[in-house]
>>> print(open('protein_34.txt').read())   # compact mmCIF, C-alpha atoms
# COMPACT_ATOMS: atom_id res chain seq x y z
CA MET Z 1 7.68 28.36 13.61
CA GLU Z 2 8.49 30.28 16.79
CA GLN Z 3 10.24 28.40 19.57
CA ILE Z 4 7.51 29.24 22.10
CA LEU Z 5 4.95 27.48 19.89
CA ILE Z 6 7.26 24.49 19.31
CA ASP Z 7 7.76 24.14 23.08
CA PHE Z 8 3.99 24.29 23.64
CA ILE Z 9 3.40 21.56 21.03
CA LYS Z 10 6.04 19.28 22.56
CA LYS Z 11 4.76 19.88 26.09
CA ASN Z 12 1.17 19.05 25.13
CA GLU Z 13 1.96 16.04 22.94
CA GLN Z 14 -0.41 13.83 24.97
CA SER Z 15 -2.96 16.48 25.93
CA ASP Z 16 -6.64 16.30 25.01
CA ILE Z 17 -7.14 18.39 21.87
CA SER Z 18 -10.69 19.50 22.76
CA SER Z 19 -9.59 20.67 26.20
CA LEU Z 20 -6.76 22.71 24.72
CA LEU Z 21 -9.09 24.43 22.26
CA LEU Z 22 -11.73 25.13 24.94
CA GLY Z 23 -9.09 26.61 27.20
CA LYS Z 24 -7.22 28.61 24.57
CA ASN Z 25 -7.83 31.89 26.44
CA ARG Z 26 -5.36 30.65 29.06
CA TYR Z 27 -2.57 30.88 26.48
CA PRO Z 28 -2.72 34.42 25.05
CA ASP Z 29 0.73 34.14 23.47
CA ILE Z 30 -0.01 30.87 21.67
CA ASP Z 31 -1.91 30.19 18.46
CA VAL Z 32 -3.74 27.27 20.09
CA SER Z 33 -5.68 26.37 16.93
CA LEU Z 34 -2.44 25.91 14.98
CA ALA Z 35 -0.84 24.08 17.91
CA ALA Z 36 -3.80 21.69 18.16
CA LYS Z 37 -3.60 20.93 14.44
CA CYS Z 38 0.13 20.24 14.75
CA ILE Z 39 -0.31 18.03 17.81
CA GLN Z 40 -2.96 16.00 15.99
CA GLY Z 41 -0.78 15.84 12.89
CA ARG Z 42 2.24 14.64 14.87
CA ARG Z 43 0.18 11.79 16.30
CA VAL Z 44 -0.69 10.65 12.78
CA ILE Z 45 2.83 11.08 11.43
CA LYS Z 46 4.76 9.58 14.37
CA GLU Z 47 4.82 6.05 12.96
CA LYS Z 48 4.05 6.94 9.35
CA VAL Z 49 6.91 9.42 8.73
CA PRO Z 50 9.28 9.32 11.74
CA LEU Z 51 11.84 11.62 10.11
CA TRP Z 52 9.27 14.43 9.96
CA TYR Z 53 8.11 13.67 13.51
CA ASP Z 54 11.66 14.40 14.64
CA HIS Z 55 11.12 17.98 13.42
CA PRO Z 56 8.63 19.56 15.88
CA GLY Z 57 8.61 22.73 13.74
CA ILE Z 58 6.67 20.97 10.95
CA ILE Z 59 3.23 22.48 10.27
CA TYR Z 60 0.26 20.20 9.54
CA PRO Z 61 -2.86 20.55 7.41
CA ASP Z 62 -6.32 19.10 8.02
CA SER Z 63 -6.70 15.33 8.37
CA LEU Z 64 -7.48 14.31 4.75
CA PRO Z 65 -4.05 15.18 3.25
CA LEU Z 66 -2.45 13.30 6.15
CA GLU Z 67 -4.60 10.23 5.50
CA GLN Z 68 -3.70 10.23 1.80
CA CYS Z 69 0.01 11.01 2.04
CA SER Z 70 2.65 8.33 1.56
CA SER Z 71 4.48 6.75 4.45
CA GLN Z 72 8.22 7.26 4.82
CA ILE Z 73 9.02 3.69 3.75
CA THR Z 74 6.95 3.91 0.53
CA ALA Z 75 8.23 7.42 -0.25
CA ILE Z 76 11.84 6.27 0.05
CA HIS Z 77 11.07 3.36 -2.29
CA LYS Z 78 10.20 5.89 -5.02
CA GLN Z 79 13.80 7.09 -4.97
CA ASN Z 80 14.64 3.95 -6.99
CA TYR Z 81 12.99 5.62 -10.00
CA ILE Z 82 14.55 9.05 -9.61
CA PRO Z 83 17.52 9.86 -11.89
CA GLU Z 84 20.52 10.95 -9.83
CA GLY Z 85 20.86 14.69 -10.22
CA GLY Z 86 17.79 14.84 -12.48
CA PHE Z 87 15.08 17.46 -12.97
CA VAL Z 88 11.77 16.17 -11.57
CA ALA Z 89 8.23 17.49 -11.16
CA ASP Z 90 5.66 16.39 -8.58
CA LEU Z 91 2.39 17.51 -10.14
CA THR Z 92 0.20 16.69 -7.13
CA GLY Z 93 2.37 17.85 -4.22
CA GLY Z 94 -0.17 17.58 -1.39
CA PHE Z 95 1.44 17.50 2.05
CA GLY Z 96 4.81 17.05 0.38
CA ILE Z 97 6.03 13.72 1.78
CA ASP Z 98 6.82 12.25 -1.64
CA SER Z 99 8.25 15.54 -2.91
CA TYR Z 100 10.66 15.74 0.00
CA PHE Z 101 12.03 12.21 -0.30
CA ILE Z 102 12.21 12.41 -4.10
CA SER Z 103 14.13 15.68 -3.78
CA GLN Z 104 16.85 13.87 -1.83
CA LYS Z 105 17.78 12.02 -5.03
CA CYS Z 106 17.32 14.65 -7.76
CA SER Z 107 19.01 18.02 -8.21
CA THR Z 108 15.81 20.06 -8.68
CA LEU Z 109 12.16 19.34 -7.94
CA HIS Z 110 9.13 21.40 -8.92
CA TYR Z 111 6.25 20.89 -6.47
CA TYR Z 112 2.84 21.75 -7.96
CA GLU Z 113 -0.27 22.00 -5.77
CA ARG Z 114 -3.62 23.72 -6.44
CA ASN Z 115 -4.52 24.15 -2.75
CA ARG Z 116 -3.05 27.44 -1.53
CA GLU Z 117 -3.01 26.41 2.14
CA LEU Z 118 -1.03 23.28 1.33
CA THR Z 119 1.48 25.23 -0.77
CA GLU Z 120 2.03 27.72 2.05
CA ILE Z 121 2.54 24.85 4.48
CA ALA Z 122 4.91 23.14 2.03
CA ILE Z 123 7.09 26.26 1.70
CA LYS Z 124 7.51 26.46 5.47
CA ASN Z 125 8.07 22.74 5.94
CA PHE Z 126 10.61 22.37 3.13
CA SER Z 127 12.52 25.27 4.68
CA GLU Z 128 12.34 23.62 8.10
CA LEU Z 129 13.69 20.40 6.57
CA GLY Z 130 16.44 22.14 4.62
CA ALA Z 131 15.10 21.01 1.24
CA GLY Z 132 16.41 23.97 -0.71
CA ASN Z 133 16.19 22.27 -4.11
CA ILE Z 134 12.37 22.26 -4.13
CA THR Z 135 10.48 25.05 -5.92
CA VAL Z 136 6.85 25.36 -4.82
CA LYS Z 137 4.24 26.32 -7.40
CA ASN Z 138 0.62 27.05 -6.39
CA SER Z 139 -0.91 25.81 -9.64
CA GLU Z 140 -3.38 23.18 -10.82
CA VAL Z 141 -2.06 20.96 -13.58
CA THR Z 142 -4.37 21.49 -16.56
CA PRO Z 143 -3.89 20.95 -20.29
CA ASP Z 144 -3.41 24.74 -20.70
CA ILE Z 145 -0.70 24.82 -18.03
CA LEU Z 146 1.07 21.85 -19.60
CA LYS Z 147 1.10 23.55 -23.01
CA GLU Z 148 3.33 26.25 -21.53
CA ILE Z 149 5.98 23.74 -20.44
CA PRO Z 150 8.74 23.05 -23.05
CA ASP Z 151 9.35 19.60 -24.54
CA ASN Z 152 11.59 17.31 -22.42
CA CYS Z 153 11.66 19.83 -19.59
CA TYR Z 154 11.79 17.10 -16.96
CA HIS Z 155 13.60 13.77 -16.65
CA LEU Z 156 10.64 12.33 -14.74
CA ILE Z 157 7.16 13.40 -13.65
CA TYR Z 158 5.58 12.05 -10.49
CA ILE Z 159 1.81 12.22 -10.08
CA ASP Z 160 -0.62 10.99 -7.44
CA PRO Z 161 -4.15 11.63 -8.75
CA ALA Z 162 -6.72 12.49 -6.06
CA ARG Z 163 -8.81 9.42 -5.32
CA ARG Z 164 -11.64 11.10 -3.41
CA GLY Z 165 -14.77 12.53 -5.03
CA LYS Z 166 -16.44 15.81 -4.12
CA LYS Z 167 -18.53 14.03 -1.49
CA GLY Z 168 -15.54 12.18 -0.03
CA GLU Z 169 -16.28 8.90 -1.82
CA ARG Z 170 -13.41 6.68 -2.95
CA LEU Z 171 -12.60 6.64 -6.66
CA PHE Z 172 -10.86 3.76 -8.43
CA SER Z 173 -10.99 4.43 -12.19
CA MET Z 174 -8.24 6.61 -13.63
CA LYS Z 175 -10.90 8.55 -15.54
CA ASP Z 176 -12.64 9.56 -12.29
CA CYS Z 177 -9.51 10.71 -10.44
CA GLU Z 178 -8.07 14.24 -10.57
CA PRO Z 179 -6.17 14.98 -12.66
CA ASP Z 180 -7.45 12.55 -15.29
CA MET Z 181 -4.34 10.72 -16.48
CA THR Z 182 -6.17 9.32 -19.50
CA LEU Z 183 -6.49 12.89 -20.83
CA LEU Z 184 -3.08 14.19 -19.78
CA GLN Z 185 -0.79 11.25 -20.55
CA ASP Z 186 0.27 12.25 -24.06
CA GLN Z 187 0.94 15.82 -22.99
CA LEU Z 188 2.96 14.65 -19.99
CA LEU Z 189 5.05 12.35 -22.17
CA ARG Z 190 5.87 15.34 -24.35
CA ILE Z 191 7.49 17.18 -21.45
CA SER Z 192 9.07 14.09 -19.82
CA PRO Z 193 10.10 10.65 -21.14
CA LYS Z 194 8.91 8.98 -17.93
CA ILE Z 195 5.89 9.28 -15.67
CA LEU Z 196 5.63 7.65 -12.25
CA VAL Z 197 2.01 7.27 -11.15
CA LYS Z 198 0.83 6.40 -7.65
CA LEU Z 199 -2.42 4.43 -7.69
CA SER Z 200 -4.86 3.21 -5.08
CA PRO Z 201 -4.23 -0.32 -3.75
CA MET Z 202 -7.88 -0.94 -4.70
CA ALA Z 203 -7.35 -0.01 -8.37
CA ASP Z 204 -8.10 -2.77 -10.86
CA ILE Z 205 -4.81 -3.56 -12.61
CA THR Z 206 -6.41 -4.76 -15.84
CA THR Z 207 -8.48 -1.58 -16.08
CA VAL Z 208 -5.39 0.56 -15.47
CA PHE Z 209 -3.49 -1.20 -18.27
CA ASN Z 210 -6.46 -0.70 -20.58
CA GLU Z 211 -6.92 2.99 -19.73
CA LEU Z 212 -3.24 3.96 -19.96
CA HIS Z 213 -0.57 3.07 -22.52
CA HIS Z 214 3.24 2.68 -22.58
CA CYS Z 215 3.03 0.97 -19.16
CA LYS Z 216 6.53 -0.40 -18.63
CA HIS Z 217 6.55 -1.54 -15.02
CA LEU Z 218 4.23 -1.89 -12.02
CA ASP Z 219 5.22 -2.13 -8.37
CA ILE Z 220 2.55 -3.55 -6.06
CA ILE Z 221 3.75 -2.30 -2.69
CA SER Z 222 2.84 -3.80 0.68
CA VAL Z 223 4.14 -3.05 4.14
CA ASN Z 224 3.90 -5.93 6.61
CA ASN Z 225 1.43 -7.76 4.34
CA GLU Z 226 -0.91 -4.78 3.90
CA CYS Z 227 -1.13 -3.53 0.32
CA LYS Z 228 -0.48 0.23 0.44
CA GLU Z 229 -0.19 1.47 -3.13
CA LEU Z 230 0.49 0.66 -6.76
CA LEU Z 231 3.34 2.46 -8.50
CA LEU Z 232 3.18 2.53 -12.29
CA LEU Z 233 6.08 3.55 -14.53
CA ILE Z 234 5.03 4.87 -17.93
CA GLU Z 235 7.78 5.35 -20.51
CA ARG Z 236 7.53 7.17 -23.81
CA GLY Z 237 7.50 4.73 -26.75
CA PHE Z 238 7.35 1.54 -24.66
CA GLU Z 239 5.17 -1.15 -26.31
CA GLY Z 240 6.24 -4.37 -24.57
CA ILE Z 241 4.76 -6.47 -21.77
CA THR Z 242 4.44 -4.70 -18.44
CA SER Z 243 6.72 -6.26 -15.84
CA ILE Z 244 5.39 -6.52 -12.28
CA ASP Z 245 7.15 -6.61 -8.91
CA ALA Z 246 5.07 -7.76 -5.93
CA ILE Z 247 6.95 -6.19 -3.04
CA ASP Z 248 6.68 -6.25 0.74
CA LEU Z 249 8.94 -3.48 2.00
CA TYR Z 250 8.69 -4.55 5.64
CA ASN Z 251 9.85 -8.11 4.96
CA ASN Z 252 12.10 -7.10 2.05
CA THR Z 253 10.65 -9.70 -0.34
CA THR Z 254 9.94 -9.34 -4.06
CA LEU Z 255 8.32 -11.65 -6.60
CA SER Z 256 8.90 -10.56 -10.21
CA PHE Z 257 6.55 -11.70 -12.98
CA ASP Z 258 4.29 -10.46 -15.76
CA ARG Z 259 0.83 -11.32 -17.08
CA GLU Z 260 2.21 -13.55 -19.82
CA ARG Z 261 4.40 -15.49 -17.40
CA GLU Z 262 1.41 -16.02 -15.11
CA HIS Z 263 -0.75 -17.14 -18.04
CA ASN Z 264 1.81 -19.73 -19.17
CA ALA Z 265 2.80 -20.98 -15.72
CA LYS Z 266 2.06 -24.58 -14.82
CA VAL Z 267 0.20 -25.01 -11.56
CA THR Z 268 -0.10 -28.30 -9.69
CA PHE Z 269 -2.80 -29.11 -7.16
CA THR Z 270 -2.47 -31.00 -3.92
CA ALA Z 271 -4.39 -34.22 -3.24
CA PRO Z 272 -6.08 -34.62 0.17
CA GLU Z 273 -3.43 -37.11 1.36
CA GLU Z 274 -0.66 -34.64 0.45
CA ILE Z 275 -1.76 -31.96 2.91
CA ARG Z 276 1.10 -32.24 5.37
CA GLY Z 277 4.26 -30.36 6.23
CA TYR Z 278 3.74 -26.65 5.63
CA ILE Z 279 1.01 -24.38 4.33
CA TYR Z 280 1.84 -21.19 2.42
CA GLU Z 281 -0.19 -18.02 1.82
CA PRO Z 282 1.39 -15.47 -0.57
CA ASN Z 283 1.59 -11.89 0.65
CA SER Z 284 -1.02 -9.29 -0.26
CA SER Z 285 1.04 -7.86 -3.15
CA ILE Z 286 1.21 -11.25 -4.88
CA LEU Z 287 -2.50 -11.82 -4.36
CA LYS Z 288 -3.26 -8.35 -5.71
CA GLY Z 289 -1.13 -9.05 -8.78
CA GLY Z 290 -2.83 -12.38 -9.41
CA ALA Z 291 0.38 -14.46 -9.60
CA PHE Z 292 -1.43 -17.60 -8.46
CA LYS Z 293 -0.12 -20.15 -10.97
CA TYR Z 294 3.36 -18.61 -11.14
CA THR Z 295 3.74 -18.88 -7.35
CA SER Z 296 3.11 -22.63 -7.60
CA GLU Z 297 5.64 -23.01 -10.42
CA LYS Z 298 8.26 -20.68 -8.95
CA PHE Z 299 8.44 -22.32 -5.53
CA GLY Z 300 7.44 -25.86 -6.49
CA ILE Z 301 4.45 -25.81 -4.14
CA LYS Z 302 1.04 -27.33 -4.77
CA LYS Z 303 -2.08 -25.19 -4.74
CA ILE Z 304 -5.00 -26.32 -2.60
CA SER Z 305 -7.48 -25.59 -5.40
CA LYS Z 306 -8.03 -23.27 -8.33
CA ASP Z 307 -9.98 -20.79 -6.20
CA THR Z 308 -8.12 -21.16 -2.91
CA HIS Z 309 -4.84 -19.28 -2.81
CA PHE Z 310 -3.10 -21.44 -0.24
CA TYR Z 311 -0.30 -23.86 -1.09
CA ILE Z 312 1.19 -27.01 0.43
CA HIS Z 313 4.75 -28.35 0.51
CA PRO Z 314 6.27 -31.04 2.75
CA ASP Z 315 9.29 -28.88 3.53
CA LYS Z 316 9.81 -25.39 4.88
CA ILE Z 317 10.82 -22.93 2.16
CA GLU Z 318 13.15 -20.17 3.33
CA ASN Z 319 12.40 -16.56 2.36
CA PHE Z 320 8.94 -17.35 1.01
CA PRO Z 321 7.17 -14.04 0.25
CA GLY Z 322 4.17 -14.55 2.51
CA ARG Z 323 2.91 -16.36 5.57
CA ILE Z 324 3.97 -19.88 6.50
CA GLY Z 325 2.28 -22.36 8.83
CA GLU Z 326 3.04 -25.86 10.02
CA VAL Z 327 0.17 -28.25 9.33
CA LEU Z 328 -1.07 -29.86 12.56
CA ASP Z 329 -4.22 -31.65 11.42
CA VAL Z 330 -6.51 -32.19 8.43
CA ILE Z 331 -10.16 -32.89 9.29
CA ASP Z 332 -12.86 -33.94 6.84
CA PHE Z 333 -15.69 -31.46 7.19
CA SER Z 334 -18.91 -32.65 8.86
CA LYS Z 335 -21.17 -31.63 11.74
CA LYS Z 336 -19.05 -33.69 14.11
CA SER Z 337 -15.87 -32.05 12.83
CA LEU Z 338 -16.93 -28.73 14.37
CA GLN Z 339 -17.10 -30.39 17.78
CA LYS Z 340 -13.69 -31.96 17.17
CA VAL Z 341 -12.16 -28.55 16.44
CA GLU Z 342 -13.76 -27.06 19.59
CA LYS Z 343 -12.51 -29.90 21.78
CA GLU Z 344 -8.99 -30.37 20.45
CA TYR Z 345 -8.20 -26.76 19.47
CA PRO Z 346 -10.12 -24.52 21.92
CA SER Z 347 -7.89 -21.58 20.99
CA CYS Z 348 -8.07 -21.37 17.19
CA SER Z 349 -8.95 -18.60 14.75
CA VAL Z 350 -11.22 -19.94 12.01
CA VAL Z 351 -11.42 -18.58 8.48
CA ALA Z 352 -13.31 -19.70 5.38
CA ARG Z 353 -11.84 -19.65 1.89
CA ASN Z 354 -13.81 -21.03 -1.07
CA PHE Z 355 -16.27 -22.58 1.38
CA PRO Z 356 -20.09 -22.60 1.48
CA ILE Z 357 -20.22 -21.20 5.03
CA LYS Z 358 -18.91 -17.68 5.61
CA THR Z 359 -16.22 -16.93 8.19
CA GLU Z 360 -18.54 -15.00 10.52
CA GLU Z 361 -21.08 -17.83 10.56
CA LEU Z 362 -18.33 -20.36 11.30
CA LYS Z 363 -17.17 -18.29 14.24
CA LYS Z 364 -20.66 -18.53 15.69
CA ARG Z 365 -20.81 -22.30 15.22
CA VAL Z 366 -17.28 -23.10 16.39
CA LYS Z 367 -16.86 -21.90 19.97
CA CYS Z 368 -13.12 -21.33 19.87
CA THR Z 369 -11.28 -18.31 21.21
CA GLU Z 370 -9.23 -16.25 18.75
CA SER Z 371 -5.56 -17.14 18.40
CA LYS Z 372 -2.66 -15.42 16.68
CA GLU Z 373 -0.84 -18.73 16.43
CA ILE Z 374 -3.32 -21.56 15.73
CA LYS Z 375 -5.50 -21.22 12.61
CA GLY Z 376 -8.33 -23.30 11.21
CA LEU Z 377 -8.78 -23.01 7.43
CA PHE Z 378 -12.17 -24.21 6.20
CA THR Z 379 -11.81 -24.77 2.47
CA THR Z 380 -12.73 -26.81 -0.60
CA LEU Z 381 -9.99 -28.86 -2.25
CA ASN Z 382 -9.50 -29.29 -5.97
CA ASP Z 383 -11.40 -32.62 -5.91
CA LYS Z 384 -14.39 -30.71 -4.37
CA SER Z 385 -13.97 -32.32 -0.95
CA LYS Z 386 -14.32 -30.01 2.03
CA VAL Z 387 -11.74 -30.03 4.82
CA ILE Z 388 -10.51 -28.12 7.84
CA ILE Z 389 -6.75 -27.56 7.87
CA ILE Z 390 -5.43 -26.79 11.33
CA TYR Z 391 -2.02 -25.16 11.28
CA LYS Z 392 0.38 -23.25 13.47
CA ARG Z 393 1.62 -19.95 12.09
CA LEU Z 394 5.36 -19.51 12.05
CA PHE Z 395 6.60 -16.03 12.99
CA GLU Z 396 10.02 -14.98 11.76
>>> encode(input="protein_34.txt", output="structure tokens")
Amino acid sequence: MEQILIDFIKKNEQSDISSLLLGKNRYPDIDVSLAAKCIQGRRVIKEKVPLWYDHPGIIYPDSLPLEQCSSQITAIHKQNYIPEGGFVADLTGGFGIDSYFISQKCSTLHYYERNRELTEIAIKNFSELGAGNITVKNSEVTPDILKEIPDNCYHLIYIDPARRGKKGERLFSMKDCEPDMTLLQDQLLRISPKILVKLSPMADITTVFNELHHCKHLDIISVNNECKELLLLIERGFEGITSIDAIDLYNNTTLSFDREREHNAKVTFTAPEEIRGYIYEPNSSILKGGAFKYTSEKFGIKKISKDTHFYIHPDKIENFPGRIGEVLDVIDFSKKSLQKVEKEYPSCSVVARNFPIKTEELKKRVKCTESKEIKGLFTTLNDKSKVIIIYKRLFE
């Protein structure tokens, strides 16, 4: 990218995009359309991929590839699966975030992408970033293309199937995504012993395990308690139980388990009189993975009920992978209890879990202002009694 264009982009970082485009005739030496796209892209990428933001010469595509691309923190996590000095292929290159960070670990990376515009952008951006070990291929991965690739050509294949339909709708089944991993898996395992698959955080884990085989390991990845993606490692010949890591990269916490361990775990439930001390809510990765009983067993904490994924313990547990609150009050639910909450906790965010009244309806009935610190959990205990647990969130 020419320096004059880079300077224009940096100068207009905070400018109104529409105004720039309407006034493009005032800048005869500037490709204002490209500049506007880059300015918009830099706004999206500033927090998501700060290393790329530091390179103002990066070119950006339309918004959809930016929405779907990995963040820097999740892309770097994928380096844990990349063989040092290995030969790797990214079969769904897209904007190239994952390709770039994977290439920092391997010796050679083949970037495949069917969209010509994205491949042209990738060539320029990889050059800008000094990623000389990436070879860009403008090609769609089809069974015919795969037949031309020799056996064991790669040490690992990375693939992120497109999860949007032709009308922009979200897709969750592996069979609906492009490319269809259920059709390509055997062919991919011929050319590489390992496949690393990025999946939607909304994907149903049981369905994924049923649709694909040789699933060795699954990472459920969250960042600051927001589930971002699932990362599935498929290994040729593997027939054992899939291990699972529920990870929050922001808080650097991991809970390791598997479906069998969860099935066999012994869960204990709290009695009404035992609700004191501290309340625990596992992070979104654990909840996504369904490690409800194992969490109780692992940390020695009592679950509020079978269908309420909050736990109680009299003491504070250090490094718990989730949110912690200090119990302030336990109120038996009744019409009068709503007035008690309003009077004694005027600033309190209410939420319903396993409760006959929905959260939004409770907010209308309980005239409390929202609070980041004080929470009111309306829930049903294991003995079917209904209570309101008031607690103070602990921020660490």
>>> atom_distance(input="protein_34.txt", atom1="atom CA of Z:Asn225", atom2="atom CA of Z:Ser284")
5.4 Å
>>> residues_around(input="protein_34.txt", residues="stretch 78-81 of chain Z", least_positions_apart="6", cutoff="8 Å", atoms="all atoms listed in the file", output="PyMOL selection string")
chain Z and resi 98+101-102+105+196
>>> atom_distance(input="protein_34.txt", atom1="atom CA of Z:Pro314", atom2="atom CA of Z:Tyr278")
5.8 Å
>>> closest_residue(input="protein_34.txt", among="Z:His55, Z:His263, Z:Lys340, Z:Lys24", to="Z:Cys38", atoms="only C-alpha atoms")
Z:His55
>>> closest_residue(input="protein_34.txt", among="Z:Asp186, Z:Asp16, Z:Glu235, Z:Glu128", to="Z:Leu218", atoms="all atoms listed in the file")
Z:Glu235
